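Asker: Next up, data_17.txt (compact mmCIF, C-alpha atoms and all ligand atoms).
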```
# COMPACT_ATOMS: atom_id res chain seq x y z
CA MET A 1 17.36 -56.40 -41.68
CA LEU A 2 14.88 -57.96 -39.29
CA ILE A 3 13.13 -56.29 -36.36
CA LYS A 4 11.32 -57.96 -33.51
CA GLY A 5 8.08 -56.56 -32.28
CA PRO A 6 5.72 -56.55 -29.34
CA ALA A 7 4.55 -60.12 -30.01
CA LEU A 8 8.04 -61.36 -29.16
CA ILE A 9 8.43 -59.34 -25.98
CA GLN A 10 8.31 -61.43 -22.80
CA PRO A 11 6.00 -60.17 -20.02
CA SER A 12 9.07 -59.97 -17.76
CA GLU A 13 10.59 -57.43 -20.11
CA ILE A 14 7.65 -55.04 -19.94
CA THR A 15 8.36 -52.02 -17.78
CA PRO A 16 6.15 -51.94 -14.65
CA ARG A 17 3.50 -49.22 -14.84
CA ALA A 18 4.85 -47.14 -11.92
CA GLN A 19 8.31 -47.14 -13.43
CA PHE A 20 6.86 -46.36 -16.83
CA GLU A 21 4.88 -43.41 -15.46
CA ALA A 22 7.87 -42.13 -13.54
CA ARG A 23 9.84 -42.31 -16.76
CA ARG A 24 7.06 -40.42 -18.54
CA ARG A 25 7.18 -37.68 -15.89
CA LEU A 26 10.91 -37.56 -16.26
CA LEU A 27 10.43 -37.31 -19.98
CA ARG A 28 8.10 -34.35 -19.64
CA ALA A 29 10.33 -32.66 -17.12
CA GLY A 30 13.21 -33.32 -19.39
CA ALA A 31 11.45 -31.96 -22.45
CA ALA A 32 13.71 -28.96 -22.63
CA SER A 33 16.87 -30.99 -22.38
CA LEU A 34 15.38 -33.52 -24.76
CA ALA A 35 14.72 -30.79 -27.25
CA ALA A 36 18.24 -29.54 -26.72
CA TRP A 37 19.53 -33.05 -27.20
CA THR A 38 17.56 -33.65 -30.37
CA LEU A 39 18.74 -30.39 -31.78
CA ARG A 40 22.27 -31.21 -30.83
CA ALA A 41 21.81 -34.61 -32.43
CA ALA A 42 20.62 -32.98 -35.61
CA GLY A 43 22.72 -29.88 -35.47
CA ALA A 44 26.03 -30.75 -33.88
CA GLN A 45 29.02 -32.10 -35.71
CA GLU A 46 29.95 -34.44 -32.91
CA GLY A 47 29.84 -34.85 -29.19
CA PRO A 48 28.18 -37.37 -26.92
CA ALA A 49 24.72 -36.78 -25.50
CA ASP A 50 24.60 -37.53 -21.82
CA THR A 51 20.84 -37.92 -21.80
CA LEU A 52 20.68 -41.53 -22.92
CA GLY A 53 18.40 -42.36 -20.00
CA LEU A 54 15.80 -39.99 -21.42
CA LEU A 55 15.58 -41.68 -24.77
CA GLN A 56 12.20 -43.23 -25.35
CA GLU A 57 12.06 -46.93 -25.81
CA SER A 58 10.41 -47.77 -29.09
CA PRO A 59 7.48 -50.20 -29.07
CA PHE A 60 9.57 -52.12 -31.59
CA SER A 61 12.67 -52.39 -29.42
CA ILE A 62 13.91 -55.89 -28.86
CA ALA A 63 15.32 -57.45 -25.72
CA GLU A 64 18.67 -58.54 -27.13
CA PRO A 65 21.73 -56.56 -26.00
CA PRO A 66 23.03 -54.05 -28.55
CA THR A 67 26.14 -54.80 -30.59
CA PRO A 68 29.10 -52.93 -29.05
CA LYS A 69 29.42 -49.44 -30.47
CA LYS A 70 33.00 -50.00 -31.58
CA ASP A 71 31.82 -52.86 -33.83
CA LEU A 72 28.98 -50.78 -35.29
CA THR A 73 31.36 -47.97 -36.12
CA SER A 74 34.43 -49.85 -37.34
CA TYR A 75 32.96 -52.51 -39.65
CA ASN A 76 30.91 -50.71 -42.29
CA ASN A 77 29.78 -50.61 -45.88
CA PHE A 78 29.96 -47.12 -47.35
CA TYR A 79 31.45 -47.77 -50.77
CA GLU A 80 31.89 -44.08 -51.57
CA PHE A 81 34.71 -44.31 -49.01
CA GLY A 82 36.24 -47.63 -50.09
CA SER A 83 35.43 -51.30 -50.37
CA ASN A 84 37.06 -52.71 -47.22
CA LYS A 85 34.85 -52.84 -44.16
CA GLN A 86 37.46 -50.78 -42.29
CA ASP A 87 37.71 -48.02 -44.93
CA PRO A 88 34.64 -45.93 -43.98
CA ALA A 89 35.83 -45.49 -40.38
CA LEU A 90 39.16 -44.20 -41.73
CA GLN A 91 37.94 -42.16 -44.69
CA ALA A 92 34.47 -40.82 -43.89
CA TYR A 93 35.85 -37.92 -41.84
CA LYS A 94 35.99 -36.22 -45.28
CA LEU A 95 32.19 -36.15 -45.50
CA PRO A 96 31.03 -32.53 -45.08
CA THR A 97 27.95 -32.91 -42.87
CA ARG A 98 27.17 -29.14 -42.59
CA PRO A 99 25.38 -27.36 -44.08
CA TRP A 100 22.96 -30.19 -44.89
CA SER A 101 19.39 -30.39 -46.11
CA VAL A 102 17.11 -33.04 -47.55
CA ALA A 103 14.95 -32.20 -50.57
CA ILE A 104 11.59 -33.97 -50.68
CA ASP A 105 10.01 -33.64 -54.11
CA GLY A 106 8.78 -35.46 -57.21
CA LEU A 107 5.08 -36.37 -57.37
CA VAL A 108 3.97 -34.15 -54.48
CA HIS A 109 1.78 -31.09 -53.97
CA LYS A 110 4.24 -29.25 -51.71
CA PRO A 111 7.91 -29.98 -52.42
CA ARG A 112 10.16 -28.99 -49.53
CA ARG A 113 13.79 -28.76 -48.60
CA ILE A 114 14.31 -29.46 -44.93
CA ALA A 115 17.45 -28.26 -43.16
CA ILE A 116 18.96 -30.90 -40.90
CA GLU A 117 18.52 -28.57 -37.92
CA ASN A 118 14.74 -28.60 -38.47
CA LEU A 119 14.25 -32.23 -39.30
CA LEU A 120 13.55 -33.64 -35.87
CA ARG A 121 11.30 -30.73 -34.94
CA LEU A 122 8.78 -32.04 -37.46
CA ALA A 123 7.91 -34.97 -35.23
CA PRO A 124 5.70 -34.56 -32.18
CA LEU A 125 7.76 -34.67 -28.99
CA GLU A 126 6.62 -38.18 -28.18
CA GLU A 127 7.92 -39.40 -31.51
CA ARG A 128 11.10 -37.41 -31.63
CA ILE A 129 13.34 -39.94 -30.04
CA TYR A 130 13.33 -43.52 -30.98
CA ARG A 131 15.60 -45.90 -29.19
CA LEU A 132 15.42 -48.93 -31.39
CA ARG A 133 17.47 -52.03 -31.53
CA CYS A 134 17.41 -53.87 -34.80
CA VAL A 135 19.20 -56.63 -36.59
CA GLU A 136 21.04 -55.67 -39.78
CA GLY A 137 22.55 -57.37 -42.86
CA TRP A 138 25.55 -59.22 -41.38
CA SER A 139 23.46 -58.94 -38.31
CA MET A 140 23.72 -56.55 -35.43
CA VAL A 141 21.50 -54.92 -32.84
CA VAL A 142 21.55 -51.15 -33.10
CA PRO A 143 20.13 -48.61 -30.67
CA TRP A 144 19.20 -46.12 -33.39
CA VAL A 145 18.02 -42.62 -32.66
CA GLY A 146 15.61 -41.12 -35.15
CA ILE A 147 12.01 -40.61 -36.14
CA PRO A 148 9.62 -42.50 -38.40
CA LEU A 149 10.25 -41.65 -42.06
CA SER A 150 6.47 -41.19 -42.43
CA VAL A 151 6.74 -37.94 -40.46
CA LEU A 152 8.90 -36.46 -43.23
CA LEU A 153 6.88 -37.93 -46.07
CA ARG A 154 3.63 -36.44 -44.78
CA GLN A 155 5.06 -32.93 -45.06
CA VAL A 156 4.81 -32.80 -48.83
CA GLU A 157 1.36 -34.27 -49.62
CA ALA A 158 1.99 -37.01 -52.17
CA LEU A 159 0.03 -37.04 -55.42
CA SER A 160 -2.17 -40.11 -55.90
CA SER A 161 0.08 -41.22 -58.77
CA ALA A 162 3.09 -41.64 -56.43
CA ARG A 163 3.78 -45.32 -55.70
CA TYR A 164 7.42 -45.40 -54.61
CA VAL A 165 10.03 -43.19 -52.99
CA GLU A 166 13.61 -42.97 -54.18
CA PHE A 167 16.48 -42.01 -51.85
CA GLU A 168 19.59 -40.31 -53.14
CA SER A 169 22.81 -40.16 -51.14
CA PHE A 170 25.31 -37.32 -51.12
CA TYR A 171 28.07 -37.63 -53.70
CA GLU A 172 31.10 -35.48 -54.37
CA GLN A 173 33.76 -36.98 -56.56
CA LYS A 174 36.73 -35.13 -55.13
CA ILE A 175 36.31 -36.68 -51.70
CA MET A 176 34.68 -39.98 -52.68
CA SER A 177 35.26 -42.88 -55.07
CA SER A 178 35.45 -42.28 -58.80
CA PRO A 179 32.11 -42.13 -60.70
CA ILE A 180 31.92 -45.87 -61.30
CA PHE A 181 33.32 -47.99 -58.49
CA GLY A 182 33.44 -51.62 -59.47
CA ARG A 183 30.01 -51.77 -60.97
CA LEU A 184 28.34 -49.36 -58.54
CA GLU A 185 27.46 -45.93 -59.91
CA TRP A 186 27.07 -42.75 -57.88
CA PRO A 187 25.17 -41.20 -56.34
CA TYR A 188 23.97 -44.24 -54.39
CA VAL A 189 20.26 -44.73 -55.02
CA GLU A 190 17.76 -46.81 -53.06
CA GLY A 191 14.01 -47.01 -52.92
CA LEU A 192 10.92 -48.34 -51.18
CA ARG A 193 7.32 -48.91 -52.12
CA LEU A 194 5.19 -46.19 -50.52
CA ASP A 195 3.56 -48.49 -47.96
CA GLU A 196 7.01 -49.75 -46.88
CA ALA A 197 8.27 -46.19 -46.59
CA MET A 198 5.25 -45.19 -44.48
CA HIS A 199 5.56 -48.19 -42.15
CA PRO A 200 6.33 -47.11 -38.56
CA LEU A 201 9.40 -49.38 -38.47
CA THR A 202 11.07 -47.41 -41.26
CA LEU A 203 13.20 -44.69 -39.71
CA VAL A 204 15.23 -41.68 -40.59
CA ALA A 205 18.11 -42.00 -38.16
CA VAL A 206 20.32 -39.19 -36.91
CA GLY A 207 22.10 -41.05 -34.14
CA LEU A 208 23.06 -44.32 -32.56
CA TYR A 209 23.85 -45.22 -28.99
CA GLY A 210 22.40 -41.87 -27.92
CA GLU A 211 25.02 -39.98 -29.87
CA VAL A 212 25.15 -38.12 -33.15
CA LEU A 213 25.47 -40.52 -36.09
CA PRO A 214 29.14 -41.16 -36.90
CA ASN A 215 30.07 -40.28 -40.49
CA GLN A 216 30.84 -43.89 -41.39
CA ASN A 217 27.27 -44.87 -40.44
CA GLY A 218 25.73 -42.30 -42.78
CA ALA A 219 25.80 -38.91 -41.06
CA PRO A 220 23.98 -36.70 -40.70
CA VAL A 221 20.83 -38.57 -41.72
CA ARG A 222 20.17 -42.04 -43.12
CA ILE A 223 17.35 -44.47 -43.72
CA VAL A 224 16.88 -47.62 -41.60
CA VAL A 225 14.62 -50.42 -42.85
CA PRO A 226 14.98 -53.15 -40.24
CA TRP A 227 13.24 -56.04 -42.03
CA LYS A 228 15.38 -55.68 -45.18
CA TYR A 229 19.05 -56.32 -45.97
CA GLY A 230 21.33 -53.47 -45.01
CA PHE A 231 21.92 -52.11 -48.50
CA LYS A 232 18.30 -50.82 -48.61
CA SER A 233 19.23 -48.36 -45.85
CA ALA A 234 20.73 -45.46 -47.82
CA LYS A 235 23.28 -43.35 -45.96
CA SER A 236 23.82 -39.58 -45.93
CA ILE A 237 20.69 -38.83 -47.94
CA VAL A 238 20.13 -35.49 -49.68
CA ARG A 239 16.92 -36.20 -51.58
CA ILE A 240 13.70 -38.19 -51.28
CA ARG A 241 11.74 -38.29 -54.52
CA PHE A 242 8.16 -39.56 -54.91
CA VAL A 243 7.88 -41.49 -58.18
CA GLU A 244 5.40 -43.63 -60.07
CA GLU A 245 7.75 -46.35 -61.37
CA GLN A 246 9.90 -48.64 -59.25
CA PRO A 247 13.27 -46.87 -58.83
CA LEU A 248 16.32 -48.47 -60.43
CA THR A 249 18.43 -48.90 -57.32
CA SER A 250 22.24 -48.95 -57.28
CA TRP A 251 22.84 -52.63 -56.48
CA ARG A 252 20.05 -53.81 -58.75
CA LYS A 253 21.47 -51.77 -61.60
CA ALA A 254 24.97 -53.15 -60.97
CA VAL A 255 24.15 -56.82 -60.32
CA PRO A 256 20.47 -57.46 -61.14
CA GLN A 257 20.72 -61.24 -60.84
CA ASP A 258 21.83 -60.96 -57.19
CA TYR A 259 19.91 -57.98 -55.81
CA GLY A 260 16.16 -57.60 -55.99
CA PHE A 261 14.18 -54.44 -55.32
CA TYR A 262 12.44 -55.79 -52.21
CA SER A 263 15.38 -57.50 -50.47
CA ASN A 264 13.32 -58.56 -47.50
CA VAL A 265 15.32 -60.76 -45.16
CA ASN A 266 14.30 -64.21 -46.32
CA PRO A 267 16.00 -67.40 -45.10
CA ASP A 268 13.96 -69.49 -47.56
CA LEU A 269 15.06 -67.69 -50.70
CA ILE A 270 16.82 -69.96 -53.16
CA HIS A 271 19.47 -67.50 -54.25
CA PRO A 272 21.74 -68.29 -57.22
CA HIS A 273 24.93 -67.26 -55.41
CA TRP A 274 24.55 -67.56 -51.65
CA ASN A 275 22.59 -69.14 -48.87
CA GLN A 276 20.43 -66.77 -46.81
CA ALA A 277 19.43 -69.24 -44.12
CA ARG A 278 22.06 -68.30 -41.55
CA GLU A 279 23.80 -65.15 -40.39
CA ARG A 280 26.72 -64.13 -38.20
CA ARG A 281 26.10 -61.49 -35.58
CA LEU A 282 28.98 -58.98 -35.37
CA GLY A 283 31.16 -59.95 -32.43
CA GLU A 284 29.94 -63.55 -32.35
CA PHE A 285 31.62 -66.63 -33.73
CA ARG A 286 28.74 -69.05 -34.21
CA LYS A 287 26.17 -68.41 -36.90
CA ARG A 288 22.51 -68.26 -36.03
CA ASP A 289 19.36 -69.03 -38.00
CA THR A 290 18.00 -66.08 -39.92
CA LEU A 291 14.38 -65.23 -39.23
CA PRO A 292 11.88 -64.26 -41.95
CA PHE A 293 11.65 -60.47 -42.21
CA ASN A 294 14.44 -60.31 -39.61
CA GLY A 295 11.96 -61.31 -36.92
CA TYR A 296 9.42 -58.60 -37.79
CA ALA A 297 7.05 -60.79 -39.77
CA ASP A 298 4.13 -59.95 -37.46
CA GLN A 299 4.55 -56.28 -38.30
CA VAL A 300 5.38 -56.36 -42.00
CA ALA A 301 4.52 -59.68 -43.70
CA GLY A 302 1.03 -58.44 -44.50
CA MET A 303 2.45 -55.90 -46.96
CA TYR A 304 3.64 -58.78 -49.17
CA ALA A 305 0.56 -61.00 -48.99
CA GLY A 306 -0.07 -62.71 -52.30
CA MET A 307 3.36 -61.83 -53.74
CA ASP A 308 5.71 -64.54 -54.99
CA LEU A 309 8.73 -63.72 -52.81
CA GLN A 310 10.99 -66.16 -54.66
CA ARG A 311 10.48 -64.16 -57.84
CA LEU A 312 10.07 -60.70 -56.31
CA PHE A 313 13.05 -60.99 -53.95
N1 LIG B 401 24.58 -45.98 -48.48
C1 LIG B 401 25.48 -45.39 -49.29
N2 LIG B 401 25.31 -44.11 -49.65
N3 LIG B 401 26.57 -46.06 -49.76
C2 LIG B 401 26.79 -47.38 -49.45
O1 LIG B 401 27.78 -47.97 -49.91
N4 LIG B 401 25.98 -49.33 -48.24
C3 LIG B 401 24.77 -50.03 -47.83
C4 LIG B 401 23.95 -49.23 -46.82
N5 LIG B 401 23.84 -47.84 -47.25
C5 LIG B 401 25.85 -48.02 -48.60
C6 LIG B 401 24.75 -47.27 -48.10
C7 LIG B 401 25.08 -51.35 -47.30
S1 LIG B 401 25.63 -52.49 -48.45
C8 LIG B 401 24.93 -51.64 -45.98
S2 LIG B 401 25.12 -53.24 -45.42
C9 LIG B 401 24.63 -50.61 -44.98
O2 LIG B 401 24.58 -49.30 -45.55
C10 LIG B 401 25.68 -50.63 -43.89
O3 LIG B 401 25.36 -49.75 -42.86
P1 LIG B 401 26.30 -49.68 -41.56
O4 LIG B 401 27.70 -49.45 -42.06
O5 LIG B 401 25.80 -48.55 -40.74
O6 LIG B 401 26.17 -51.00 -40.88
```
As C-alpha cells, please, write out the structure in this file.
Answerer:
Amino acid sequence: MLIKGPALIQPSEITPRAQFEARRRLLRAGAASLAAWTLRAAGAQEGPADTLGLLQESPFSIAEPPTPKKDLTSYNNFYEFGSNKQDPALQAYKLPTRPWSVAIDGLVHKPRRIAIENLLRLAPLEERIYRLRCVEGWSMVVPWVGIPLSVLLRQVEALSSARYVEFESFYEQKIMSSPIFGRLEWPYVEGLRLDEAMHPLTLVAVGLYGEVLPNQNGAPVRIVVPWKYGFKSAKSIVRIRFVEEQPLTSWRKAVPQDYGFYSNVNPDLIHPHWNQARERRLGEFRKRDTLPFNGYADQVAGMYAGMDLQRLF
C-alpha cells in the first residue's frame, strides 16, 4: 500500500483556519458523542455511525476521492473464507466478533490482553479517530477509522531485545478453511520491524467509511500498513507478539520466492513473476503508474536507507 502525506497536499486543500477551529470546537463539543461513537465502533456488532462529520482528518489523508464502499466490501482477500474475491463478503458473516480481545505479549515487561471495548480508549481523544484514505494492493482509497498501532504497543513496555512484532489472526477450523489452504497455513501470520510498527502511518483499524469494520474487511480489528502491499495488513487479529527474530509470515512461508518480508510498494522491483510498475484502482478501467512506497516515500523511505530493496523486497 502507498500513502500520500502532507508534502503532496495542495495549499487549496488545506482547511482554512476559521473552519478548522470551528471544527475543533465542534469536536470538543461532540466529545461525548465521539466517545459514544468510538465505543460503538469498537463494541457494536454492526450499525452505521451518523457522526461521520466529526471524524478527524488525519494529517496523512490524501485528496483523492475514496473508493466506493460497495467495492471495498465486495472485492476482498480473506482466504480463511475462500479464494474468490467475492467469497469473504458471502462467508465472513460466520466470524464471531464478540467477545474479542487482543493479547500483546512476547518480549515485553507488561504483557496485556485488551478487550475490544477498551481498545480505542487507550488513545488520547485527539488520536482516537483517524479518517485516513490510503491506497491498497490492487489499489483503493480507504477512509479507515482507527488509531496508531504505536498506542497499543506502548502499553506493554517492550524489552530492548524485541526487534519485530508478529500479528496473529483469528482461526477456527469449523467455520474457516481447512488447516492448509493451497499452500497457506493457519492462523494467518504477518509481521513488521519495530520501527515500521511504531510509525504513525501504521494503524489498528476498527472501521471504514465511519462505520464499524465489516467482517470481510477484518472485523473487529485489523492492521493497516499503507506503504506496503495489502497482504501485510493482517485481519481480525487476536495477538501481537514482540519477538527478536524476523517472523516467518504466512505468504513468505508458502511462496518465499514471490513474497518478501518487507513488501514495500516498489514499482522498480524486478520481480520473477510479475511487474509491479502499474496498478488498477478498484472501479477504474485504466491502469495507473505505481508510486514508490505507495506515495508515502517522504514519510517512510528513511526507514530503509542503505538497504538493498531489490534483495530485501
Ligand atoms: N488477513 C487474514 N487473516 N487473511 C487473509 O487472507 N489477506 C491479506 C490481508 N489480510 C488476508 C489478511 C491480503 S492478501 C490483502 S490484499 C488484504 O488483507 C485485503 O484487505 P481488504 O479485503 O480489506 O482489501
Asker: Excluding Asn264 (chain A) and its own-chain neighbours fewer than 6 positions away, which residues fall within 10 Å of it when counting only C-alpha atoms? Please give them as a list in words.
Answerer: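 The neighbour list is Met1, Leu2, Val225, Pro226, Trp227, Lys228, Tyr229, Gly230, Lys232, Pro292, Phe293, Asn294, Val300, Ala301, Tyr304, Leu309, Leu312 and Phe313 of chain A.
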Asker: Select, from A:Lys94, A:Arg163, A:Lys70, A:Lys235, the residue with the minimum atom-to-atom distance to ligand LIG 401 (chain B), counting only C-alpha atoms and all ligand atoms.
Answerer: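 Smallest separation from ligand LIG 401 (chain B) among the options: A:Lys235.
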Asker: At a cut-off of 10 Å, can you tabulate as a tab-separated table every residue of chain A near ligand LIG 401 (chain B) together with its closest atom pair and the distance in Å to one decimal, using all atoms listed in the file and ordering rows by chain then number?
Answerer:
```
residue	atom	partner	partner_atom	distance
A:Met1	CA	B:LIG401	S2	9.2
A:Asp71	CA	B:LIG401	O6	9.2
A:Leu72	CA	B:LIG401	O6	6.3
A:Thr73	CA	B:LIG401	O4	7.1
A:Ser74	CA	B:LIG401	O4	8.2
A:Tyr75	CA	B:LIG401	O4	6.5
A:Asn76	CA	B:LIG401	O4	3.5
A:Asn77	CA	B:LIG401	O4	4.5
A:Phe78	CA	B:LIG401	O1	3.5
A:Tyr79	CA	B:LIG401	O1	3.8
A:Glu80	CA	B:LIG401	O1	5.9
A:Phe81	CA	B:LIG401	O1	7.9
A:Gly82	CA	B:LIG401	O1	8.5
A:Ser83	CA	B:LIG401	O1	8.4
A:Lys85	CA	B:LIG401	O4	8.2
A:Gln86	CA	B:LIG401	O4	9.9
A:Pro88	CA	B:LIG401	O4	8.0
A:Ala89	CA	B:LIG401	O4	9.2
A:Val135	CA	B:LIG401	O6	9.9
A:Glu136	CA	B:LIG401	O6	7.0
A:Gly137	CA	B:LIG401	S2	5.5
A:Trp138	CA	B:LIG401	S2	7.2
A:Ser139	CA	B:LIG401	O6	8.8
A:Met140	CA	B:LIG401	O6	8.2
A:Val142	CA	B:LIG401	O6	9.0
A:Phe167	CA	B:LIG401	N2	9.3
A:Glu168	CA	B:LIG401	N2	7.7
A:Ser169	CA	B:LIG401	N2	4.9
A:Phe170	CA	B:LIG401	N2	6.9
A:Tyr171	CA	B:LIG401	N2	8.1
A:Leu184	CA	B:LIG401	O1	8.8
A:Trp186	CA	B:LIG401	N2	8.5
A:Pro187	CA	B:LIG401	N2	7.3
A:Tyr188	CA	B:LIG401	N2	4.9
A:Val189	CA	B:LIG401	N2	7.4
A:Glu190	CA	B:LIG401	N1	8.3
A:Leu208	CA	B:LIG401	O5	9.6
A:Leu213	CA	B:LIG401	O5	9.3
A:Pro214	CA	B:LIG401	O5	9.0
A:Asn215	CA	B:LIG401	O5	9.3
A:Gln216	CA	B:LIG401	O4	6.4
A:Asn217	CA	B:LIG401	O5	4.0
A:Gly218	CA	B:LIG401	O5	6.6
A:Ala219	CA	B:LIG401	O5	9.6
A:Arg222	CA	B:LIG401	N1	8.0
A:Ile223	CA	B:LIG401	N5	8.1
A:Val224	CA	B:LIG401	O2	8.8
A:Tyr229	CA	B:LIG401	S2	6.8
A:Gly230	CA	B:LIG401	S2	3.8
A:Phe231	CA	B:LIG401	C7	3.5
A:Lys232	CA	B:LIG401	C4	6.1
A:Ser233	CA	B:LIG401	N5	4.8
A:Ala234	CA	B:LIG401	N1	3.9
A:Lys235	CA	B:LIG401	N1	3.9
A:Ser236	CA	B:LIG401	N2	6.0
A:Ile237	CA	B:LIG401	N2	7.2
A:Ser250	CA	B:LIG401	N3	9.1
A:Trp251	CA	B:LIG401	S1	8.5
```
Asker: For Trp100 (chain A), which residue among A:Arg113, A:Arg286, A:Arg280, A:Arg311 is the nearest when counting all atoms listed in the file?
Answerer: A:Arg113
Asker: Using only C-alpha atoms, which residue out of A:Trp274, A:Leu107, A:Pro143, A:Asn118 lies closest to Ile62 (chain A)?
Answerer: A:Pro143
Asker: What does the distance from CA of His109 (chain A) to CA of Leu152 (chain A) come to in Å, to one decimal?
Answerer: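 Interatomic distance here is 14.0 Å.
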Asker: CA of Val221 (chain A) and CA of Glu172 (chain A) are how many Å apart?
Answerer: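 These two atoms are separated by 16.6 Å.
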Asker: Could you jot down the CA of Val265 (chain A) to CA of Arg241 (chain A) separation for me, Å, one decimal place?
Answerer: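 Rounded to one decimal, the two atoms are 24.6 Å apart.
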Asker: Pick out the closest residue to Lys69 (chain A) from this set: A:Tyr93, A:Tyr296, A:Tyr164, A:Tyr209. Count all atoms listed in the file.
Answerer: A:Tyr209
Asker: Given the point (3.5, -55.0, -49.6) in the coordinates of this file, which residues lie within 10 Å, counting only C-alpha atoms, and how would they look as a PyMOL selection string?
Answerer: chain A and resi 193-196+262+300-307
Asker: Counting only C-alpha atoms, which of A:Ala297, A:Leu159, A:Ile270, A:Ile175 gets nearest to Val108 (chain A)?
Answerer: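 Counting only C-alpha atoms, the residue closest to Val108 (chain A) is A:Leu159.
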Asker: Between A:Leu153, A:Pro179, A:Val255, A:Asn275, which is the closest to Leu203 (chain A) once you count only C-alpha atoms?
Answerer: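 Of all the options, A:Leu153 lies closest to Leu203 (chain A).
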Asker: Might you pull out every residue within 7 Å of Ala103 (chain A), with all atoms listed in the file counted and same-chain residues fewer than 6 positions away left off, and present them as an MDAnalysis selection string?
Answerer: chainID A and resid 112:114 238:240
Asker: Taking all listed atoms of region 96-104 of chain A, build the axis-aligned box, pad each of the six sides by 8 Å, then write its centre and edge lengths in Å to one decimal as lines of an AutoDock Vina configuration file.
Answerer:
```
center_x = 21.3
center_y = -30.7
center_z = -46.6
size_x = 35.4
size_y = 22.6
size_z = 24.1
```
Asker: For a quick check of your reading of the model, name the residues lying within 8 Å of the coordinate (19.0, -51.4, -30.3), counting all atoms listed in the file, and write them as a VMD selection string.
Answerer: chain A and resid 61 to 62 64 to 67 131 to 134 141 to 144 209
